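S.K.: Data: my_file33.pdb, PDB, C-alpha atoms.
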```
ATOM      1  CA  MET G   1      29.958   1.990 -22.637
ATOM      2  CA  SER G   2      29.756   4.045 -19.478
ATOM      3  CA  SER G   3      26.215   5.259 -19.978
ATOM      4  CA  GLN G   4      24.928   3.479 -16.876
ATOM      5  CA  ILE G   5      27.396   5.235 -14.568
ATOM      6  CA  PRO G   6      26.302   8.716 -13.520
ATOM      7  CA  TYR G   7      28.491  11.469 -14.874
ATOM      8  CA  LEU G   8      28.766  15.220 -14.671
ATOM      9  CA  ASP G   9      30.716  17.413 -17.062
ATOM     10  CA  GLY G  10      34.053  19.137 -17.329
ATOM     11  CA  ASN G  11      32.782  22.195 -15.448
ATOM     12  CA  ALA G  12      32.849  20.170 -12.253
ATOM     13  CA  ALA G  13      36.602  19.502 -12.547
ATOM     14  CA  GLY G  14      37.522  23.175 -12.822
ATOM     15  CA  GLY G  15      38.302  23.556  -9.137
ATOM     16  CA  GLU G  16      40.417  20.448  -8.803
ATOM     17  CA  LEU G  17      42.348  21.263 -11.980
ATOM     18  CA  SER G  18      42.959  24.838 -10.826
ATOM     19  CA  LYS G  19      45.608  23.251  -8.608
ATOM     20  CA  VAL G  20      47.477  22.329 -11.796
ATOM     21  CA  PHE G  21      46.615  24.884 -14.479
ATOM     22  CA  ALA G  22      47.194  28.604 -14.152
ATOM     23  CA  VAL G  23      44.258  29.378 -16.435
ATOM     24  CA  ASP G  24      40.735  28.029 -16.585
ATOM     25  CA  ILE G  25      40.565  24.661 -18.293
ATOM     26  CA  THR G  26      36.790  24.406 -18.689
ATOM     27  CA  ALA G  27      36.825  26.802 -21.655
ATOM     28  CA  ALA G  28      39.917  25.189 -23.190
ATOM     29  CA  GLU G  29      39.476  23.224 -26.381
ATOM     30  CA  GLY G  30      40.780  19.703 -26.634
ATOM     31  CA  GLN G  31      40.957  17.127 -29.381
ATOM     32  CA  CYS G  32      40.031  13.552 -28.601
ATOM     33  CA  GLY G  33      42.903  11.209 -29.322
ATOM     34  CA  SER G  34      40.518   8.496 -30.435
ATOM     35  CA  CYS G  35      37.711   9.965 -32.562
ATOM     36  CA  GLY G  36      39.279  13.349 -33.301
ATOM     37  CA  ALA G  37      36.303  15.375 -32.049
ATOM     38  CA  THR G  38      37.221  18.878 -30.917
ATOM     39  CA  ARG G  39      35.253  20.129 -27.934
ATOM     40  CA  ARG G  40      35.526  22.418 -24.942
ATOM     41  CA  PHE G  41      36.681  20.662 -21.814
ATOM     42  CA  ALA G  42      33.415  21.725 -20.139
ATOM     43  CA  GLU G  43      31.590  19.405 -22.540
ATOM     44  CA  ALA G  44      33.496  16.289 -21.513
ATOM     45  CA  HIS G  45      31.667  13.661 -19.476
ATOM     46  CA  LEU G  46      33.117  13.625 -16.010
ATOM     47  CA  TYR G  47      33.217  10.588 -13.765
ATOM     48  CA  MET G  48      34.011  11.361 -10.142
ATOM     49  CA  GLY G  49      32.972   8.171  -8.376
ATOM     50  CA  GLY G  50      36.426   6.591  -8.225
ATOM     51  CA  PRO G  51      39.614   7.541  -6.435
ATOM     52  CA  GLY G  52      40.249  10.246  -9.006
ATOM     53  CA  ILE G  53      38.490  12.102 -11.781
ATOM     54  CA  VAL G  54      38.147  10.769 -15.312
ATOM     55  CA  ALA G  55      37.013  13.012 -18.172
ATOM     56  CA  ARG G  56      35.734  11.190 -21.235
ATOM     57  CA  CYS G  57      35.001  12.393 -24.752
ATOM     58  CA  CYS G  58      31.319  13.377 -25.040
ATOM     59  CA  VAL G  59      31.225  11.829 -28.515
ATOM     60  CA  CYS G  60      33.043   8.475 -28.155
ATOM     61  CA  GLU G  61      33.666   8.120 -24.377
ATOM     62  CA  HIS G  62      37.417   7.756 -24.844
ATOM     63  CA  ALA G  63      39.283   8.691 -21.646
ATOM     64  CA  LEU G  64      40.717  12.176 -22.259
ATOM     65  CA  LEU G  65      42.113  13.095 -18.879
ATOM     66  CA  ARG G  66      42.673  11.461 -15.536
ATOM     67  CA  VAL G  67      43.674  13.221 -12.372
ATOM     68  CA  VAL G  68      44.320  11.674  -8.986
ATOM     69  CA  SER G  69      45.356  13.600  -5.897
ATOM     70  CA  THR G  70      47.336  11.649  -3.340
ATOM     71  CA  ARG G  71      49.482  12.585  -0.394
ATOM     72  CA  HIS G  72      52.481  12.197  -2.719
ATOM     73  CA  GLY G  73      51.170  14.702  -5.223
ATOM     74  CA  ILE G  74      48.784  15.090  -8.112
ATOM     75  CA  PHE G  75      48.964  12.572 -10.950
ATOM     76  CA  LEU G  76      47.755  13.955 -14.254
ATOM     77  CA  ASP G  77      47.320  11.886 -17.413
ATOM     78  CA  ILE G  78      46.278  13.795 -20.532
ATOM     79  CA  ASN G  79      47.425  11.100 -22.900
ATOM     80  CA  GLY G  80      43.886  10.795 -24.296
ATOM     81  CA  MET G  81      44.019  14.146 -26.052
ATOM     82  CA  THR G  82      46.118  15.083 -29.071
ATOM     83  CA  TYR G  83      46.183  18.707 -27.950
ATOM     84  CA  VAL G  84      44.634  21.251 -25.607
ATOM     85  CA  ARG G  85      44.234  24.857 -26.701
ATOM     86  CA  PHE G  86      43.825  27.545 -24.070
ATOM     87  CA  ASP G  87      42.141  30.693 -25.366
ATOM     88  CA  THR G  88      44.326  33.655 -24.512
ATOM     89  CA  THR G  89      42.284  36.249 -26.395
ATOM     90  CA  GLU G  90      39.710  36.883 -23.681
TER      91      GLU G  90
ATOM     92  CA  MET U  91      43.866  28.506  -3.494
ATOM     93  CA  TRP U  92      41.394  28.460  -0.659
ATOM     94  CA  ARG U  93      39.796  31.642   0.620
ATOM     95  CA  VAL U  94      37.766  32.167   3.751
ATOM     96  CA  GLY U  95      34.265  33.591   3.614
ATOM     97  CA  THR U  96      32.116  34.710   6.531
ATOM     98  CA  VAL U  97      28.409  33.972   6.501
ATOM     99  CA  LEU U  98      26.556  37.303   6.360
ATOM    100  CA  ALA U  99      22.999  36.123   5.895
ATOM    101  CA  LEU U 100      20.852  33.042   5.367
ATOM    102  CA  HIS U 101      17.590  32.831   3.486
ATOM    103  CA  ASP U 102      15.367  29.812   2.962
ATOM    104  CA  GLU U 103      14.262  29.560  -0.662
ATOM    105  CA  THR U 104      12.139  26.445  -0.157
ATOM    106  CA  ALA U 105      11.652  23.823   2.556
ATOM    107  CA  THR U 106      14.898  22.161   1.442
ATOM    108  CA  ALA U 107      17.003  24.910  -0.111
ATOM    109  CA  ARG U 108      18.849  27.745   1.529
ATOM    110  CA  THR U 109      20.743  30.736   0.176
ATOM    111  CA  ILE U 110      23.977  31.548   1.981
ATOM    112  CA  ARG U 111      25.464  35.003   1.527
ATOM    113  CA  LEU U 112      29.189  35.149   2.184
ATOM    114  CA  GLU U 113      31.557  38.025   2.552
ATOM    115  CA  VAL U 114      34.950  37.162   1.054
ATOM    116  CA  PRO U 115      37.431  40.000   1.582
ATOM    117  CA  ASP U 116      39.864  38.910  -1.145
ATOM    118  CA  TRP U 117      37.186  37.903  -3.663
ATOM    119  CA  PRO U 118      38.457  38.766  -7.178
ATOM    120  CA  GLY U 119      34.951  39.067  -8.664
ATOM    121  CA  HIS U 120      33.130  36.520 -10.780
ATOM    122  CA  LEU U 121      31.149  36.027 -13.959
ATOM    123  CA  ALA U 122      27.536  34.892 -14.067
ATOM    124  CA  GLY U 123      27.459  31.116 -14.393
ATOM    125  CA  GLN U 124      30.633  30.369 -12.463
ATOM    126  CA  HIS U 125      30.767  28.190  -9.379
ATOM    127  CA  VAL U 126      32.793  27.774  -6.218
ATOM    128  CA  ASP U 127      34.078  24.723  -4.438
ATOM    129  CA  LEU U 128      33.315  24.641  -0.729
ATOM    130  CA  ARG U 129      35.513  22.657   1.639
ATOM    131  CA  LEU U 130      34.322  21.489   5.014
ATOM    132  CA  THR U 131      36.891  20.035   7.386
ATOM    133  CA  ALA U 132      36.073  17.999  10.477
ATOM    134  CA  SER U 133      38.087  18.211  13.682
ATOM    135  CA  ASP U 134      39.821  14.922  12.813
ATOM    136  CA  GLY U 135      41.088  16.426   9.555
ATOM    137  CA  TYR U 136      38.621  14.682   7.268
ATOM    138  CA  SER U 137      37.457  17.063   4.592
ATOM    139  CA  ALA U 138      34.812  17.082   1.896
ATOM    140  CA  VAL U 139      34.633  19.340  -1.142
ATOM    141  CA  ARG U 140      31.469  20.177  -3.069
ATOM    142  CA  SER U 141      30.738  22.519  -5.963
ATOM    143  CA  TYR U 142      27.993  25.144  -5.766
ATOM    144  CA  SER U 143      26.929  27.611  -8.420
ATOM    145  CA  ILE U 144      27.088  31.286  -7.598
ATOM    146  CA  ALA U 145      23.635  32.903  -7.494
ATOM    147  CA  SER U 146      24.635  36.544  -7.081
ATOM    148  CA  ALA U 147      25.289  39.068  -9.850
ATOM    149  CA  GLN U 148      28.774  39.547 -11.198
ATOM    150  CA  ASP U 149      29.271  42.993  -9.679
ATOM    151  CA  SER U 150      28.459  42.047  -6.097
ATOM    152  CA  GLU U 151      31.782  43.105  -4.610
ATOM    153  CA  HIS U 152      33.277  40.785  -2.035
ATOM    154  CA  ARG U 153      29.870  39.148  -1.748
ATOM    155  CA  VAL U 154      29.091  35.672  -2.978
ATOM    156  CA  GLU U 155      25.724  34.011  -2.697
ATOM    157  CA  ILE U 156      25.154  30.329  -3.216
ATOM    158  CA  THR U 157      21.918  28.381  -2.936
ATOM    159  CA  VAL U 158      22.236  24.869  -1.596
ATOM    160  CA  GLU U 159      19.610  22.172  -2.015
ATOM    161  CA  ARG U 160      19.558  19.579   0.737
ATOM    162  CA  LEU U 161      20.180  16.114  -0.673
ATOM    163  CA  PRO U 162      18.806  13.080   1.142
ATOM    164  CA  ASN U 163      21.776  11.311   2.751
ATOM    165  CA  GLY U 164      24.029  14.160   1.675
ATOM    166  CA  GLU U 165      27.292  14.598   3.509
ATOM    167  CA  VAL U 166      27.670  18.357   3.130
ATOM    168  CA  SER U 167      24.301  19.816   2.108
ATOM    169  CA  PRO U 168      22.458  19.006   5.379
ATOM    170  CA  TYR U 169      25.111  20.968   7.259
ATOM    171  CA  LEU U 170      24.925  23.913   4.869
ATOM    172  CA  THR U 171      21.131  24.033   4.852
ATOM    173  CA  GLN U 172      20.433  23.349   8.517
ATOM    174  CA  GLN U 173      23.410  24.123  10.729
ATOM    175  CA  VAL U 174      25.473  26.921   9.268
ATOM    176  CA  ALA U 175      24.901  30.174  11.175
ATOM    177  CA  VAL U 176      25.568  33.837  10.528
ATOM    178  CA  GLY U 177      29.178  34.590  11.455
ATOM    179  CA  ASP U 178      30.460  31.104  10.594
ATOM    180  CA  ARG U 179      33.489  30.880   8.371
ATOM    181  CA  LEU U 180      33.605  28.658   5.304
ATOM    182  CA  GLU U 181      36.503  27.760   3.023
ATOM    183  CA  LEU U 182      35.945  28.266  -0.659
ATOM    184  CA  ARG U 183      37.875  28.025  -3.909
ATOM    185  CA  GLY U 184      36.993  29.985  -7.009
ATOM    186  CA  PRO U 185      35.435  31.496  -8.967
ATOM    187  CA  ILE U 186      35.644  28.492 -11.299
ATOM    188  CA  GLY U 187      34.734  28.067 -14.951
ATOM    189  CA  GLY U 188      35.074  30.171 -18.077
ATOM    190  CA  TRP U 189      32.747  28.297 -20.446
ATOM    191  CA  PHE U 190      29.352  28.150 -18.774
ATOM    192  CA  VAL U 191      29.253  31.920 -18.332
ATOM    193  CA  TRP U 192      27.255  34.862 -19.586
ATOM    194  CA  ARG U 193      29.176  38.094 -20.094
ATOM    195  CA  SER U 194      27.399  41.429 -20.031
ATOM    196  CA  GLN U 195      28.918  42.338 -23.424
ATOM    197  CA  GLN U 196      26.784  39.612 -25.016
ATOM    198  CA  ALA U 197      23.949  41.377 -26.809
ATOM    199  CA  GLU U 198      22.269  38.372 -28.450
ATOM    200  CA  ALA U 199      19.072  36.717 -27.252
ATOM    201  CA  VAL U 200      19.548  34.284 -24.401
ATOM    202  CA  GLN U 201      17.592  31.149 -23.629
ATOM    203  CA  LEU U 202      17.936  29.802 -20.114
ATOM    204  CA  ILE U 203      16.589  26.355 -19.251
ATOM    205  CA  ALA U 204      16.736  25.174 -15.654
ATOM    206  CA  GLY U 205      15.908  21.844 -14.083
ATOM    207  CA  GLY U 206      15.331  22.218 -10.327
ATOM    208  CA  ALA U 207      18.364  23.658  -8.556
ATOM    209  CA  GLY U 208      19.845  24.288 -12.010
ATOM    210  CA  ILE U 209      18.183  27.684 -11.726
ATOM    211  CA  VAL U 210      21.041  28.975  -9.538
ATOM    212  CA  PRO U 211      23.694  29.928 -12.145
ATOM    213  CA  LEU U 212      20.951  31.051 -14.532
ATOM    214  CA  MET U 213      19.630  33.389 -11.845
ATOM    215  CA  ALA U 214      23.124  34.867 -11.617
ATOM    216  CA  MET U 215      22.864  35.584 -15.362
ATOM    217  CA  ILE U 216      19.465  37.262 -14.959
ATOM    218  CA  ARG U 217      20.718  39.301 -12.013
ATOM    219  CA  SER U 218      23.909  40.271 -13.823
ATOM    220  CA  ARG U 219      21.920  41.416 -16.832
ATOM    221  CA  THR U 220      19.812  43.632 -14.564
ATOM    222  CA  SER U 221      22.693  45.002 -12.534
ATOM    223  CA  ALA U 222      24.688  45.799 -15.681
ATOM    224  CA  GLY U 223      21.666  47.632 -17.128
ATOM    225  CA  LYS U 224      21.622  45.396 -20.216
ATOM    226  CA  THR U 225      18.623  44.738 -22.437
ATOM    227  CA  ALA U 226      19.546  41.487 -24.198
ATOM    228  CA  PRO U 227      16.244  39.612 -24.523
ATOM    229  CA  PHE U 228      16.137  36.732 -22.050
ATOM    230  CA  ARG U 229      13.786  33.811 -21.792
ATOM    231  CA  LEU U 230      13.774  31.367 -18.921
ATOM    232  CA  LEU U 231      12.129  27.959 -18.927
ATOM    233  CA  TYR U 232      12.213  26.650 -15.373
ATOM    234  CA  SER U 233      11.279  23.039 -14.718
ATOM    235  CA  VAL U 234      10.362  22.484 -11.090
ATOM    236  CA  ARG U 235       8.408  19.821  -9.227
ATOM    237  CA  GLU U 236       5.763  22.081  -7.703
ATOM    238  CA  PRO U 237       5.083  25.759  -7.011
ATOM    239  CA  ASP U 238       6.576  25.503  -3.506
ATOM    240  CA  GLY U 239       9.835  24.318  -5.035
ATOM    241  CA  ILE U 240      10.517  27.547  -6.929
ATOM    242  CA  PHE U 241      13.725  29.328  -5.893
ATOM    243  CA  TYR U 242      13.795  33.168  -5.927
ATOM    244  CA  ARG U 243      10.013  33.135  -6.343
ATOM    245  CA  ASP U 244       9.201  36.768  -5.630
ATOM    246  CA  GLU U 245      12.114  38.081  -7.639
ATOM    247  CA  LEU U 246      11.186  35.950 -10.653
ATOM    248  CA  ARG U 247       7.556  36.979 -10.384
ATOM    249  CA  ALA U 248       8.478  40.660 -10.406
ATOM    250  CA  LEU U 249      10.867  40.389 -13.349
ATOM    251  CA  PRO U 250       8.537  40.402 -16.378
ATOM    252  CA  GLU U 251       6.443  43.165 -14.799
ATOM    253  CA  ARG U 252       9.479  45.382 -14.584
ATOM    254  CA  ASP U 253      11.133  44.367 -17.796
ATOM    255  CA  ARG U 254       9.197  43.026 -20.753
ATOM    256  CA  SER U 255      12.297  41.683 -22.464
ATOM    257  CA  VAL U 256      12.479  38.900 -19.872
ATOM    258  CA  MET U 257      10.001  36.054 -20.158
ATOM    259  CA  VAL U 258       9.648  33.352 -17.510
ATOM    260  CA  THR U 259       7.826  30.066 -18.108
ATOM    261  CA  TYR U 260       7.400  27.346 -15.523
ATOM    262  CA  ALA U 261       7.064  23.660 -16.271
ATOM    263  CA  PHE U 262       5.690  21.870 -13.217
ATOM    264  CA  THR U 263       6.529  18.192 -13.151
ATOM    265  CA  ARG U 264       4.624  16.880 -10.082
ATOM    266  CA  ALA U 265       1.968  19.405  -9.088
ATOM    267  CA  ALA U 266       0.818  22.573 -10.849
ATOM    268  CA  PRO U 267      -1.269  25.489  -9.562
ATOM    269  CA  LYS U 268      -5.036  24.942  -9.940
ATOM    270  CA  ASP U 269      -5.533  27.255 -12.897
ATOM    271  CA  TRP U 270      -2.440  26.055 -14.769
ATOM    272  CA  SER U 271      -3.052  25.198 -18.405
ATOM    273  CA  ARG U 272      -0.459  22.432 -18.693
ATOM    274  CA  PRO U 273      -0.907  19.300 -16.604
ATOM    275  CA  PRO U 274       2.139  18.349 -14.516
ATOM    276  CA  SER U 275       4.681  16.741 -16.822
ATOM    277  CA  ARG U 276       8.302  16.909 -17.788
ATOM    278  CA  VAL U 277       9.682  19.372 -20.289
ATOM    279  CA  ASP U 278       9.062  17.964 -23.748
ATOM    280  CA  ALA U 279       9.893  18.959 -27.303
ATOM    281  CA  ALA U 280       6.506  20.610 -27.793
ATOM    282  CA  LEU U 281       6.971  22.892 -24.787
ATOM    283  CA  VAL U 282      10.503  23.775 -25.843
ATOM    284  CA  ALA U 283       9.220  24.659 -29.321
ATOM    285  CA  GLU U 284       6.409  26.728 -27.871
ATOM    286  CA  VAL U 285       8.136  28.851 -25.239
ATOM    287  CA  THR U 286      11.823  29.097 -26.145
ATOM    288  CA  TRP U 287      13.560  31.272 -28.718
ATOM    289  CA  PRO U 288      13.514  29.733 -32.197
ATOM    290  CA  ALA U 289      16.824  28.494 -33.591
ATOM    291  CA  ASN U 290      16.803  31.023 -36.448
ATOM    292  CA  LEU U 291      17.285  33.784 -33.889
ATOM    293  CA  ALA U 292      20.601  32.108 -32.950
ATOM    294  CA  PRO U 293      20.198  32.610 -29.207
ATOM    295  CA  SER U 294      22.830  31.516 -26.726
ATOM    296  CA  CYS U 295      21.311  28.649 -24.769
ATOM    297  CA  TYR U 296      22.312  27.782 -21.216
ATOM    298  CA  VAL U 297      20.975  24.544 -19.793
ATOM    299  CA  CYS U 298      21.613  23.539 -16.187
ATOM    300  CA  GLY U 299      20.180  20.712 -14.142
ATOM    301  CA  PRO U 300      20.623  17.065 -13.285
ATOM    302  CA  THR U 301      22.425  15.085 -15.995
ATOM    303  CA  PRO U 302      19.355  13.340 -17.521
ATOM    304  CA  PHE U 303      17.482  16.656 -17.713
ATOM    305  CA  VAL U 304      20.413  18.363 -19.422
ATOM    306  CA  GLU U 305      20.853  15.513 -21.910
ATOM    307  CA  THR U 306      17.172  15.539 -22.828
ATOM    308  CA  VAL U 307      16.858  19.286 -23.204
ATOM    309  CA  ALA U 308      20.133  19.703 -25.112
ATOM    310  CA  ASN U 309      18.916  17.041 -27.540
ATOM    311  CA  PHE U 310      15.600  18.885 -28.020
ATOM    312  CA  LEU U 311      17.512  22.069 -28.781
ATOM    313  CA  SER U 312      19.875  20.410 -31.270
ATOM    314  CA  ALA U 313      16.973  18.635 -32.954
ATOM    315  CA  SER U 314      15.162  21.923 -33.426
ATOM    316  CA  GLY U 315      18.137  23.393 -35.240
ATOM    317  CA  HIS U 316      20.171  25.170 -32.573
ATOM    318  CA  ASN U 317      23.875  25.143 -33.358
ATOM    319  CA  ARG U 318      25.809  22.933 -30.960
ATOM    320  CA  ASP U 319      28.240  25.776 -30.242
ATOM    321  CA  ARG U 320      25.333  27.858 -29.001
ATOM    322  CA  ILE U 321      24.218  25.317 -26.402
ATOM    323  CA  ARG U 322      26.180  25.471 -23.167
ATOM    324  CA  THR U 323      25.391  22.963 -20.502
ATOM    325  CA  GLU U 324      26.195  22.345 -16.880
ATOM    326  CA  ARG U 325      25.257  19.118 -15.184
ATOM    327  CA  PHE U 326      25.106  18.514 -11.490
ATOM    328  CA  GLY U 327      24.447  15.577  -9.289
ATOM    329  CA  PRO U 328      25.802  13.653  -6.350
ATOM    330  CA  THR U 329      29.554  13.348  -6.628
ATOM    331  CA  GLY U 330      31.940  10.827  -5.187
ATOM    332  CA  GLU U 331      33.981  11.376  -2.074
ATOM    333  CA  ARG U 332      36.801  13.835  -2.526
ATOM    334  CA  LYS U 333      39.440  15.063  -0.171
TER     335      LYS U 333
END
```
Kindly transcribe the structure held in the file into structure tokens.

M.R.:
Amino acid sequence: MSSQIPYLDGNAAGGELSKVFAVDITAAEGQCGSCGATRRFAEAHLYMGGPGIVARCCVCEHALLRVVSTRHGIFLDINGMTYVRFDTTE
Amino acid sequence: MWRVGTVLALHDETATARTIRLEVPDWPGHLAGQHVDLRLTASDGYSAVRSYSIASAQDSEHRVEITVERLPNGEVSPYLTQQVAVGDRLELRGPIGGWFVWRSQQAEAVQLIAGGAGIVPLMAMIRSRTSAGKTAPFRLLYSVREPDGIFYRDELRALPERDRSVMVTYAFTRAAPKDWSRPPSRVDAALVAEVTWPANLAPSCYVCGPTPFVETVANFLSASGHNRDRIRTERFGPTGERK
């Protein structure tokens, strides 16, 4: 679907999302709300060419997370994931 | 949270890549493989943010080294590789990332595979291994256009002489040295099978480079039996405008 658009991976969103999350999100595990795949956020395909950042499932390309920073604040949509698990054991 | 770093030293790695050593007084320390975001702000308030992998070892207190490759038509990299001077102050955020990291407690074999500037975070892993006095067996496969494009050349050359549990293999894609056995070509499945740790050793694999390189190499590794959980990747490339 989006294979022609250049993408990076979830690692590249770590800095921007550090404005929102107190702990590192790149190592967090999330479940795709569409195909059910469970992966680390670092593995997501990251599209940064638009006004915000879109992270898509590396298996099915479903949009997992969207974040847009504006002068009115940061808009975060994580509707594409059924859950996110932050590892607190390390 | 943005910190301010002062440029301590500059070193040209190649004709287009420069290492910048920063002193960051409130640096909390970092892990090998992590990156920083750098923010440049113009006098009119316009700012641009870019991510750069950390090249220095994890125990380099208050010191952070990054290596920046100049991109044609880049907005930030020409400044960082040509204009920044010792004593300049740069804003940075980080360290960032807890997945694409190597921790010195890891004792298993490690396979590093770099495409071009993807060597930077992998070099931090090699340096951290050395500085922590660890002996985990490391192999590096470094794909680079030509001999003059090699980052950290002297340090990499000296490594296997000093420490036989580190093996470095180059894959030249455009031009190879005269006596090189392999004609210039991209990394392929045969080379990966020949010079990287076999899957039955269950090494941790770290692959960093431009997106197509990472995709290709990660697929070679999976196809040769490496467990997906053992393959950690980091892709880089031109990013969109950010403020």

S.K.: Sorted by chain and rising residue number, which residues of chain U lie within 12 Å of chain G, and what are their closest atom pairs and distances in Å to one decimal, counting all atoms listed in the file, as a Markdown table?

M.R.:
```
| residue | atom | partner | partner_atom | distance |
| --- | --- | --- | --- | --- |
| U:Met91 | CA | G:Lys19 | CA | 7.5 |
| U:Trp92 | CA | G:Gly15 | CA | 10.3 |
| U:Gly123 | CA | G:Asn11 | CA | 10.4 |
| U:Gln124 | CA | G:Asn11 | CA | 9.0 |
| U:His125 | CA | G:Asn11 | CA | 8.8 |
| U:Val126 | CA | G:Gly15 | CA | 7.5 |
| U:Asp127 | CA | G:Gly15 | CA | 6.4 |
| U:Leu128 | CA | G:Gly15 | CA | 9.8 |
| U:Arg129 | CA | G:Gly15 | CA | 11.2 |
| U:Val139 | CA | G:Glu16 | CA | 9.7 |
| U:Arg140 | CA | G:Ala12 | CA | 9.3 |
| U:Ser141 | CA | G:Ala12 | CA | 7.0 |
| U:Tyr142 | CA | G:Ala12 | CA | 9.5 |
| U:Ser143 | CA | G:Ala12 | CA | 10.3 |
| U:Leu182 | CA | G:Gly15 | CA | 10.0 |
| U:Arg183 | CA | G:Gly15 | CA | 6.9 |
| U:Gly184 | CA | G:Gly15 | CA | 6.9 |
| U:Pro185 | CA | G:Gly15 | CA | 8.4 |
| U:Ile186 | CA | G:Gly14 | CA | 5.8 |
| U:Gly187 | CA | G:Thr26 | CA | 5.6 |
| U:Gly188 | CA | G:Ala27 | CA | 5.2 |
| U:Trp189 | CA | G:Ala27 | CA | 4.5 |
| U:Phe190 | CA | G:Asn11 | CA | 7.6 |
| U:Val191 | CA | G:Ala27 | CA | 9.7 |
| U:Arg193 | CA | G:Glu90 | CA | 11.2 |
| U:Cys298 | CA | G:Asp9 | CA | 11.0 |
| U:Gly299 | CA | G:Leu8 | CA | 10.2 |
| U:Pro300 | CA | G:Leu8 | CA | 8.5 |
| U:Thr301 | CA | G:Leu8 | CA | 6.5 |
| U:Pro302 | CA | G:Pro6 | CA | 9.3 |
| U:Phe303 | CA | G:Leu8 | CA | 11.8 |
| U:Val304 | CA | G:Leu8 | CA | 10.1 |
| U:Glu305 | CA | G:Leu8 | CA | 10.7 |
| U:Ala308 | CA | G:Glu43 | CA | 11.7 |
| U:Arg318 | CA | G:Arg39 | CA | 10.3 |
| U:Asp319 | CA | G:Arg39 | CA | 9.3 |
| U:Ile321 | CA | G:Glu43 | CA | 10.2 |
| U:Arg322 | CA | G:Glu43 | CA | 8.2 |
| U:Thr323 | CA | G:Glu43 | CA | 7.4 |
| U:Glu324 | CA | G:Asp9 | CA | 6.7 |
| U:Arg325 | CA | G:Leu8 | CA | 5.3 |
| U:Phe326 | CA | G:Leu8 | CA | 5.9 |
| U:Gly327 | CA | G:Leu8 | CA | 6.9 |
| U:Pro328 | CA | G:Pro6 | CA | 8.7 |
| U:Thr329 | CA | G:Met48 | CA | 6.0 |
| U:Gly330 | CA | G:Gly49 | CA | 4.3 |
| U:Glu331 | CA | G:Gly49 | CA | 7.1 |
| U:Arg332 | CA | G:Pro51 | CA | 7.9 |
| U:Lys333 | CA | G:Ser69 | CA | 8.4 |
```

S.K.: Atom CA of Ala44 of chain G and atom CA of Asn317 of chain U are how many Å apart?

M.R.: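 If I compute the distance from atom CA of Ala44 of chain G to atom CA of Asn317 of chain U, I get 17.6 Å.
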
S.K.: Looking at only C-alpha atoms, which of U:Thr96, U:Asn290, U:Thr157, U:Thr259 is the one that sits closest to Met213 of chain U?

M.R.: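 Counting only C-alpha atoms, the residue closest to Met213 of chain U is U:Thr157.
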
S.K.: Written as a PyMOL selection string, which residues does the PyMOL selection byres ((chain G and resi 78) around 9) give for the file shown?

M.R.: chain G and resi 63-67+76-77+79-83

S.K.: Go ahead and save the residues from that selection, with C-alpha atoms, as a short mmCIF file (atom, residue, chain, number, x, y, z; two decimals), in the coordinates of the input.

M.R.:
```cif
data_model
loop_
_atom_site.label_atom_id
_atom_site.label_comp_id
_atom_site.auth_asym_id
_atom_site.auth_seq_id
_atom_site.Cartn_x
_atom_site.Cartn_y
_atom_site.Cartn_z
CA ALA G 63 39.28 8.69 -21.65
CA LEU G 64 40.72 12.18 -22.26
CA LEU G 65 42.11 13.10 -18.88
CA ARG G 66 42.67 11.46 -15.54
CA VAL G 67 43.67 13.22 -12.37
CA LEU G 76 47.76 13.96 -14.25
CA ASP G 77 47.32 11.89 -17.41
CA ASN G 79 47.42 11.10 -22.90
CA GLY G 80 43.89 10.80 -24.30
CA MET G 81 44.02 14.15 -26.05
CA THR G 82 46.12 15.08 -29.07
CA TYR G 83 46.18 18.71 -27.95
#
```

S.K.: Work out how far atom CA of His101 of chain U is from atom CA of Thr263 of chain U, in Å to one decimal.

M.R.: 24.8 Å

S.K.: At what distance in Å, to one decimal, does atom CA of Glu245 of chain U lie from atom CA of Ala197 of chain U?

M.R.: 22.8 Å

S.K.: Apply the PyMOL selection byres ((chain G and resi 86) around 7) to the structure shown and report the selected residues as a list in words.

M.R.: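 On the file shown, the PyMOL selection byres ((chain G and resi 86) around 7) covers Ala28, Glu29, Val84, Arg85, Asp87 and Thr88 of chain G.
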
S.K.: Write out the residues from the selection above, keeping C-alpha atoms, as a PDB file, in the coordinates of the input.

M.R.:
```pdb
ATOM      1  CA  ALA G  28      39.917  25.189 -23.190  1.00  0.00           C
ATOM      2  CA  GLU G  29      39.476  23.224 -26.381  1.00  0.00           C
ATOM      3  CA  VAL G  84      44.634  21.251 -25.607  1.00  0.00           C
ATOM      4  CA  ARG G  85      44.234  24.857 -26.701  1.00  0.00           C
ATOM      5  CA  ASP G  87      42.141  30.693 -25.366  1.00  0.00           C
ATOM      6  CA  THR G  88      44.326  33.655 -24.512  1.00  0.00           C
TER       7      THR G  88
END
```

S.K.: Would you kindly return, as a list in words, each protein, DNA or RNA residue with an atom no farther than 10 Å from any atom of segment 265-275 of chain U, considering all atoms listed in the file and excluding same-chain residues fewer than 3 positions away?

M.R.: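 Final neighbour list, sorted by chain and number: Ser233, Val234, Arg235, Glu236, Pro237, Asp238, Tyr260, Ala261, Phe262, Asp278 and Leu281 of chain U.
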
S.K.: List every protein, DNA or RNA residue that has at least one atom no more than 12 Å from (4.4, 29.2, -26.0) in the file's coordinates, counting only C-alpha atoms, and write the result as an MDAnalysis selection string.

M.R.: chainID U and resid 229:231 257:261 271:272 279:288

S.K.: Could you state which residues are captured by the PyMOL selection byres ((chain U and resi 152) around 8) in this file, as a short mmCIF file (atom, residue, chain, number, x, y, z; two decimals) with C-alpha atoms, in the frame of the given file?

M.R.:
```
data_model
loop_
_atom_site.label_atom_id
_atom_site.label_comp_id
_atom_site.auth_asym_id
_atom_site.auth_seq_id
_atom_site.Cartn_x
_atom_site.Cartn_y
_atom_site.Cartn_z
CA GLU U 113 31.56 38.02 2.55
CA VAL U 114 34.95 37.16 1.05
CA PRO U 115 37.43 40.00 1.58
CA ASP U 116 39.86 38.91 -1.14
CA TRP U 117 37.19 37.90 -3.66
CA PRO U 118 38.46 38.77 -7.18
CA GLY U 119 34.95 39.07 -8.66
CA SER U 150 28.46 42.05 -6.10
CA GLU U 151 31.78 43.10 -4.61
CA ARG U 153 29.87 39.15 -1.75
CA VAL U 154 29.09 35.67 -2.98
#
```
